[in-house]
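Below is one structure; the comments refer to it alone.
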Amino acid sequence: MGNELDRPMGRTDREIETLAALMALGGNLDASRLRQGGQSSGDLEVEHGWDPDDCSKSMKVLENGKVVERSALSVLLPTTDAVRGKKGYRMGTHIWEIHWPVDQRGSNAVVGVSTYGSPLKHIGYSSLVGSNDESVGWDLSRNVLLYNDCIMRRYPDGKSHNTFKAPEVITVILNMTLGTISFKGGGERYDDGVALSGLKKIGKPLCPTISATKDGCKVRIRYMGDRERVSPQPSPRSSIPTFTTFTGYKFNSKSGSEIMITNGGLTAGRKRPLQEYKNGVVLTAQPLQPGRMFEVQIDKKIAKSAATGSLEIGVTTNNPNELDFPNIMTECTEGKTWMYSGSTLVENGEERCEMGTDMDALKLGDKVGLMLTINGNVKFYINGEPLKLGIKGPPGTLYAVVDVYGQTTQVTIQNVPSVASQVFPTTPQAKAAKPDEPTSTPTSSARSSQLTFHRKCGKNITLQNDNRTAERNKFTEVADEAIVFSSRPLKPNELFEITIDRSVNKWDGHLKLGVINPPLELVSGLSTEHNAAGKWYWTASRVVHKGDSIKKLEYSLNDLKDGSKVGVMRKLDGSLHFFFNGRDLGVAATDLPQTVHGVVDVYGDTVQVSMSGSEADDASSGVSPQREAQVKTESDVHTLLDKVKETVDLMRNKRSSIIGLVGSAIVHNLNVVYNANRNKQLRQALGDFLADIGAGKVIVEYLQFLRESGIQDDTTWQTYDALHNACLNYTDASLKLATELGKAGIVLLFVEDLNKFKENYVKGKKSYDILLSALSILHNCVKASEVRHMLLKSDVVNAIKPYTLVNNDDLLIMISLLTLSYIADSGQRHLIQANEDSIGFIVKHLKEAVNEPTTHQSKGFHAYEIATGLAQLAGHPSNRKLIVNKGAVQWLTQLMKIGSDTEIECAANAIWSLTSADSLDSVKRTPELLKTVLALEGSRNESVKAAAKRINIKFQAGMMQQMPSGMPGGMKIECDYQKSCKLFLKSLDIPETYFSSKYDLCYCTSCHAERKDTLYYTRGKPPRDYGLPIGWCRFSFKLPPKAEPLKADAEWHRAYHGTKKESIHKVLQTGELLIPGIDDLIKSNVHRGNYLRSVYISVL
C-alpha cells in the first residue's frame, strides 16, 4: 500500500468520519485523507484477509479470506487453533475489525497480532496468541492482555472483569511506527487508546491473528485501511518487555589462548595463572538479551605481588567466532568495545569516564555484572547493586566480554533470573494458562532440593559454582584428601553424575565414585578401611565393598578423559548401578540401605569435577526428565500413538527372551512420555487410547505372565515394576482405562498380592513396592462405578481391610482407607472407620498438597482426590469428628481460595459432608471460611456456585433436625421454588394424564441440603454414577407399559437431556427421546429408545 489511503467504496460519510477518528487514534490521520477514491473495500478485505496457508488444520478459511471457521474438535483430544492474516505489517498504522459473536468464544478467545513464527496449534485449551514472545493479544473470555505467556494486566481498565463482555465487533489499531496496539468496541475507546506498547522490540512484521477453542465458531476480519504517520508518544505504562525464551548465558568456546572453559561453559580460568596474566579474554556465546543480567563471580585470585590489575568486564559488537582475540580487551580496535577496567570506562582503548568503584579492589566471591536494558542502555552491577554510570545506547548486537586478567584467575557465570521472571513471576495467577493446568516452572522447593556438593569436604577441596564444582588444591603436590559428598541423600532412582573438568598426567590412578551410608566422616580416601561396611565404590574397573572386589565393570576409571561423565544410582529396589557416559553398567550390588549419599574421591590424575545437572529421575520411570521428549505438535501425537501401540503389541508376545525389551519400551514409550508431558488432556487421551486398542486385557495378561516367569529375576522385576507404574500413571489420567483394567481382571491379581503380603511385607523391599502400587491402582480403578460393582462381588474388601489397621505403614493405611471409602455403601460404614493417627496422616497430606504450588499433589495424590476421600470418610460419624478436629477444614478452605474450579468444587463438597449438627460450630469457626463461601456464591462456574450455596444453606439451617439419608424420594416438601416451577409447568399446557405425582421432588439447593441427599448416586446395569440435578424441580411421568418388561426403571442408566419448551409436546407424542444414530438399533429391536421418566423444570 502507498502513503495515500484509498476511499473504501460504499461507505457512508458517517462511517468515514468514524474511521478517520480511529485512524487519528492510531496514527493521527486527517479525515480528509479517507475521502479519496481507489481500491474497493472488498479488494482490501480479500488482500488483508485470513490466510488459508497460514493457519491450523482445524481452521477453514471461507469467502476469500473474509471469514474463518474452526472445525469440529479432534476425536482424540481438545486443541486450540489459530489463523493469521495474509499481510505482516512492519511500518505504518493499520486498522481492522474482528467480528466475533459473544456466544462463539468459548473458554479462550484471543484477538491480537503475531509474527510468522508464532505457533498456530496447541494441544489442550489455552490462550495461544500471547503465549510466546512472538505474539500479543487480548483474551476476550478472560479480559486480560497477554504476552510471552504472562498476564500483562487486566483489560480494559475501569470494567468489572467478572461481568464485562467485549462486544461482537472489536476494532484493532496497530501502530507499527510507535509499536503500539489498541482496541475499540461498542463506540468506546478503551484505556485512552493504548493497550500495549513496545511492539517494535519484537523486531519482526506482525500479522492480525486470532486463536479459538470454540467448536464451529466463525470469525470475520474486515481490513479498514493503513497510514504511515507518526503520532504523539503513548503512555508507556503497558510497555512489553522484550524477554525471549532463554536458558542462560555461557562462555563461547573460542577465547583467548590462555583460557580454559569448563563446567559446561559456565567457568573460565587461565591455564597458567602464575606464568601468564594476559590472553584471558572470553565472550558470551549468546548476544545480550534485554532485561537479562550477565553476572560472573570471582572464583580465584592470586596475590597482588604476583600480578597487577584484575578482572575487567564490558560489551562488544564483535562476534566471538570472528574476533581475532587481543592480549587484553582494552586494546581491541575491531568493532566497538566498552570495558570497565579498574575504575575507568574505556571505549576502544580511550578512557571515557570514572565509574566510582575500583574493579581491582574486588575480593574472592565478589560478583560483577551488566545488563542491556529494554531502552537499549547498558548498566553495570557490583554484588547486585547498580552503578550510577553506564553506557548509553550502544549500537548493534552486543556480546558480554570478560578479561580474566592479572590477579583474577577464574570466574563463573551466575545465571540470574530475568527481570521478566521477577516482574511476571511464573505462578498460577501470573501465567496465561488456566489455573488448573500446572506449569513447568521449577518450584522453590525443587530448586532447594537440587543436588550439589556437601560443604563438608576434604581439606584439599575447594568448592565453586554454588557448590557444584569441586577442585583439588595443590594437585601437583598431593593426590588425596579430596573427598566430596552429595549435599543430601540420593532419592530412589536419582542419578548422581559428575563430569571430569580437568585432569593431569602425573599420578597413578584416577577418581573413585560411589555411595556411602551416613555418618559422613572425612578420611584421606575411599579406599581406607573406615566405614568399610557402609560404602560401595567404583575404582579402576572394580566395585568394592567391605574392602573386597564384588564385581568387575567393563570400563575403567583410569581411562577417563576430560569431558567424560560417570554416575551412580540407588534404584527403588535397593540395587546399585554405575553409569559411564550415560550408559547403565547393570546391577553392581543389591540390598543397599535406604539412606545413602553420593561420594567422589577427587584422586590422582583427576583435578576438577562438576555436577552434570544431576536431577532426580522420576521413580515411576527411571529416566531423567532431561532426556524426556515432550509432545509439542499434532505430528508428535500421532508418532507417539504409534509407539504406544507398538508397546502394547510387544506385550502380546509373551516370550522370556524379550522381557527386557518390553520393559524398555514401557519405560520410554509410556512412563517417560507421561512424566514429560504435564498436559492433562494429552495424558487422558493417551490413557483413553490404551483402552480403545484393548490394552486393558493385554496388560493384565502380561502382568500374570511376568509373575509366572518369576519377578525375582532383575530384568523381570524391572519390567513388572515399570508396567505397574504405567498402570498407576494412566489410570490416574483416564477413567476409561481404569474401567477396562478393572473389567480385564486386574483386581483379582491385586487381591492375590494383598492376601499374600498382608503379614510379611518389608518397607523398602519388593513386597512393599508391589503393595503400594497395587493399592494405588485399585484406588484409581474404584472411581469407575462399573469396577466398584465388580469389587463388591470379589473379596477385595476383605483383602484391603487389614491394611487399614494401626500396625501398618501410614501410607498404606491412607490409600486403603481412601479406596474403601469409594466401595463402602451406607450399610458398610464400619469398614471405613479410622483411628486418630490415620486421619491425621491424611489431613497432613491434604495440607502438603494444597501448599505444593505447582501440582497440588502429595505422595502422588491430588488435593481434590484427598478432599473427595475425606468427604466419603465423613460418612462414618467418628471419622467426621476426627477430620474436623485435625484441622482439615482450614486446608479445604485454602483450596477453595487458590484451586481450580474442580478443586474448589471438591473442597466445597467435602466441607458440606463434614458439616453436621455436632460439627457445625467447629466448621463455621474456621478462619476465612464464611468469607470464601460467600465469595464463591458469585462464581461464574455454576457447579462451584451451587456447591458454595449448599454450604451456606447448611450453615443457615443449623442442621437442627436429623433426617435419614439415602436415595432421594418420598418426601413431600413443597418450597417456594417448587411452587414457581409448578406454575411454569402449568403454562406448558401438558395434560394431567401424563403425570404421576408420586415421585415429584424439588432439587433446589435448600431442599437438597435439608434432605441430606448426597451429590451422586449409582443406577443401571452395569452400574453408572449420575449426579443429582441440583437447581431443578422434578415432575414424574407415568412409564408406558412396554417399559416394564425392559426393566427400564431399575436397569437402565439415568441421564438428563435439555430441551426447549417448544419441543416438549413433540417429544411427548412418542413417549421416547431418541438420540442420533439410534434408528437402526430400534429397527433391529435391540434397544427401545430412552423413555421419559420425568420432566425437570428450572426457573432460575
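Identifiers in the C-alpha cells: chain A, B, ... in order shown; residue index from 1 per chain; ligand index from 1 in order shown.
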Residue contacts of A:Ala665 (12 Å, only C-alpha atoms) excluding same-chain residues fewer than 2 positions away, as number ranges by chain: A: 621, 643-651, 658-663, 667-673, 718-719, 722-723, 726
Store the residues picked out above in a file with C-alpha atoms, as a tab-separated table (two decimals), in the first residue's frame.
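Result written to result-v3.tsv:
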```tsv
chain	number	residue	atom	x	y	z
A	621	SER	CA	10.05	-44.15	35.03
A	643	LYS	CA	4.85	-46.08	19.73
A	644	VAL	CA	2.17	-46.74	22.34
A	645	LYS	CA	0.53	-49.28	20.04
A	646	GLU	CA	3.90	-50.91	19.32
A	647	THR	CA	4.47	-51.28	23.06
A	648	VAL	CA	1.08	-52.95	23.55
A	649	ASP	CA	1.76	-55.25	20.59
A	650	LEU	CA	5.10	-56.23	22.17
A	651	MET	CA	3.26	-57.29	25.32
A	658	ILE	CA	12.28	-60.20	25.13
A	659	ILE	CA	11.12	-59.26	28.65
A	660	GLY	CA	13.90	-56.68	28.88
A	661	LEU	CA	12.93	-55.21	25.51
A	662	VAL	CA	9.30	-54.94	26.61
A	663	GLY	CA	10.37	-53.23	29.84
A	667	VAL	CA	9.62	-47.07	30.25
A	668	HIS	CA	10.36	-44.95	27.17
A	669	ASN	CA	7.03	-45.06	25.32
A	670	LEU	CA	4.69	-44.85	28.31
A	671	ASN	CA	6.29	-43.70	31.57
A	672	VAL	CA	8.80	-41.21	30.17
A	673	VAL	CA	6.15	-39.66	27.95
A	718	GLN	CA	12.15	-54.10	36.43
A	719	THR	CA	9.63	-54.78	33.65
A	722	ALA	CA	7.59	-50.39	35.06
A	723	LEU	CA	4.24	-51.84	33.96
A	726	ALA	CA	2.38	-47.27	33.73
```
Which of stretch 94-322 of chain A fall in helix (DSSP H, G or I), as a PyMOL selection string: chain A and resi 102-104+190-193+199-202+236-238+263-265
Option closest in space to A:Arg70, from A:Asn279, A:Ser980, A:Gln104, A:Thr915 [counting only C-alpha atoms]: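 Among A:Asn279, A:Ser980, A:Gln104, A:Thr915, it is A:Gln104 that comes nearest to A:Arg70.
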Of the listed residues A:Ile413, A:Met329, A:Ala799, A:Val568, that which approaches A:Gly248 most closely, counting only C-alpha atoms: A:Ile413
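Once A:His577 and its same-chain neighbours fewer than 5 positions away are set aside, Val568, Met569, Arg570, Lys571, Asp584, Leu585, Gly586, Val587, Ala588 and Ala589 of chain A remain within 8 Å of it when counting only C-alpha atoms.
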I need the residues from that last selection saved to file as a PDB file, in the first residue's frame (with N, CA, C and O atoms), if you can.
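What follows is the written file out-v2.pdb:
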```
ATOM      1  N   VAL A 568      26.319 -42.669  39.523  1.00  0.00           N
ATOM      2  CA  VAL A 568      25.902 -43.773  40.368  1.00  0.00           C
ATOM      3  C   VAL A 568      24.447 -43.549  40.755  1.00  0.00           C
ATOM      4  O   VAL A 568      23.987 -42.403  40.906  1.00  0.00           O
ATOM      5  N   MET A 569      23.697 -44.643  40.920  1.00  0.00           N
ATOM      6  CA  MET A 569      22.272 -44.555  41.253  1.00  0.00           C
ATOM      7  C   MET A 569      21.885 -45.718  42.166  1.00  0.00           C
ATOM      8  O   MET A 569      22.297 -46.854  41.939  1.00  0.00           O
ATOM      9  N   ARG A 570      21.121 -45.389  43.212  1.00  0.00           N
ATOM     10  CA  ARG A 570      20.473 -46.423  44.023  1.00  0.00           C
ATOM     11  C   ARG A 570      19.044 -46.554  43.539  1.00  0.00           C
ATOM     12  O   ARG A 570      18.249 -45.623  43.641  1.00  0.00           O
ATOM     13  N   LYS A 571      18.696 -47.722  42.985  1.00  0.00           N
ATOM     14  CA  LYS A 571      17.363 -47.947  42.435  1.00  0.00           C
ATOM     15  C   LYS A 571      16.340 -48.118  43.558  1.00  0.00           C
ATOM     16  O   LYS A 571      16.682 -48.339  44.727  1.00  0.00           O
ATOM     17  N   ASP A 584      24.079 -47.390  31.461  1.00  0.00           N
ATOM     18  CA  ASP A 584      23.889 -48.146  32.698  1.00  0.00           C
ATOM     19  C   ASP A 584      24.713 -49.425  32.616  1.00  0.00           C
ATOM     20  O   ASP A 584      24.536 -50.247  31.706  1.00  0.00           O
ATOM     21  N   LEU A 585      25.634 -49.627  33.575  1.00  0.00           N
ATOM     22  CA  LEU A 585      26.515 -50.784  33.565  1.00  0.00           C
ATOM     23  C   LEU A 585      25.925 -51.978  34.320  1.00  0.00           C
ATOM     24  O   LEU A 585      26.624 -52.955  34.571  1.00  0.00           O
ATOM     25  N   GLY A 586      24.661 -51.899  34.668  1.00  0.00           N
ATOM     26  CA  GLY A 586      23.980 -53.029  35.278  1.00  0.00           C
ATOM     27  C   GLY A 586      24.064 -53.019  36.794  1.00  0.00           C
ATOM     28  O   GLY A 586      24.605 -52.112  37.421  1.00  0.00           O
ATOM     29  N   VAL A 587      23.502 -54.077  37.405  1.00  0.00           N
ATOM     30  CA  VAL A 587      23.464 -54.173  38.859  1.00  0.00           C
ATOM     31  C   VAL A 587      24.870 -54.447  39.384  1.00  0.00           C
ATOM     32  O   VAL A 587      25.508 -55.438  39.017  1.00  0.00           O
ATOM     33  N   ALA A 588      25.346 -53.553  40.250  1.00  0.00           N
ATOM     34  CA  ALA A 588      26.672 -53.717  40.855  1.00  0.00           C
ATOM     35  C   ALA A 588      26.585 -54.281  42.256  1.00  0.00           C
ATOM     36  O   ALA A 588      27.529 -54.914  42.739  1.00  0.00           O
ATOM     37  N   ALA A 589      25.464 -54.044  42.935  1.00  0.00           N
ATOM     38  CA  ALA A 589      25.265 -54.558  44.287  1.00  0.00           C
ATOM     39  C   ALA A 589      23.774 -54.515  44.591  1.00  0.00           C
ATOM     40  O   ALA A 589      23.005 -53.847  43.887  1.00  0.00           O
TER      41      ALA A 589
END
```
Interatomic distance, atom CA of A:Cys1004 to atom CA of A:Arg940 (Å, one decimal): 18.4 Å
Strand (DSSP E or B) per DSSP on the backbone: members of stretch 490-604 of chain A, as a PyMOL selection string: chain A and resi 494-503+512-516+535-539+542-545+548-552+565-570+576-580+583-589+597-601
Residue neighbourhood A:Phe750, 9 Å, only C-alpha atoms, exclusion window fewer than 6 positions, as a list in words: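 Returned residues: Ile770, Leu771, Ala774, Leu775, Leu778 and Val796 of chain A.
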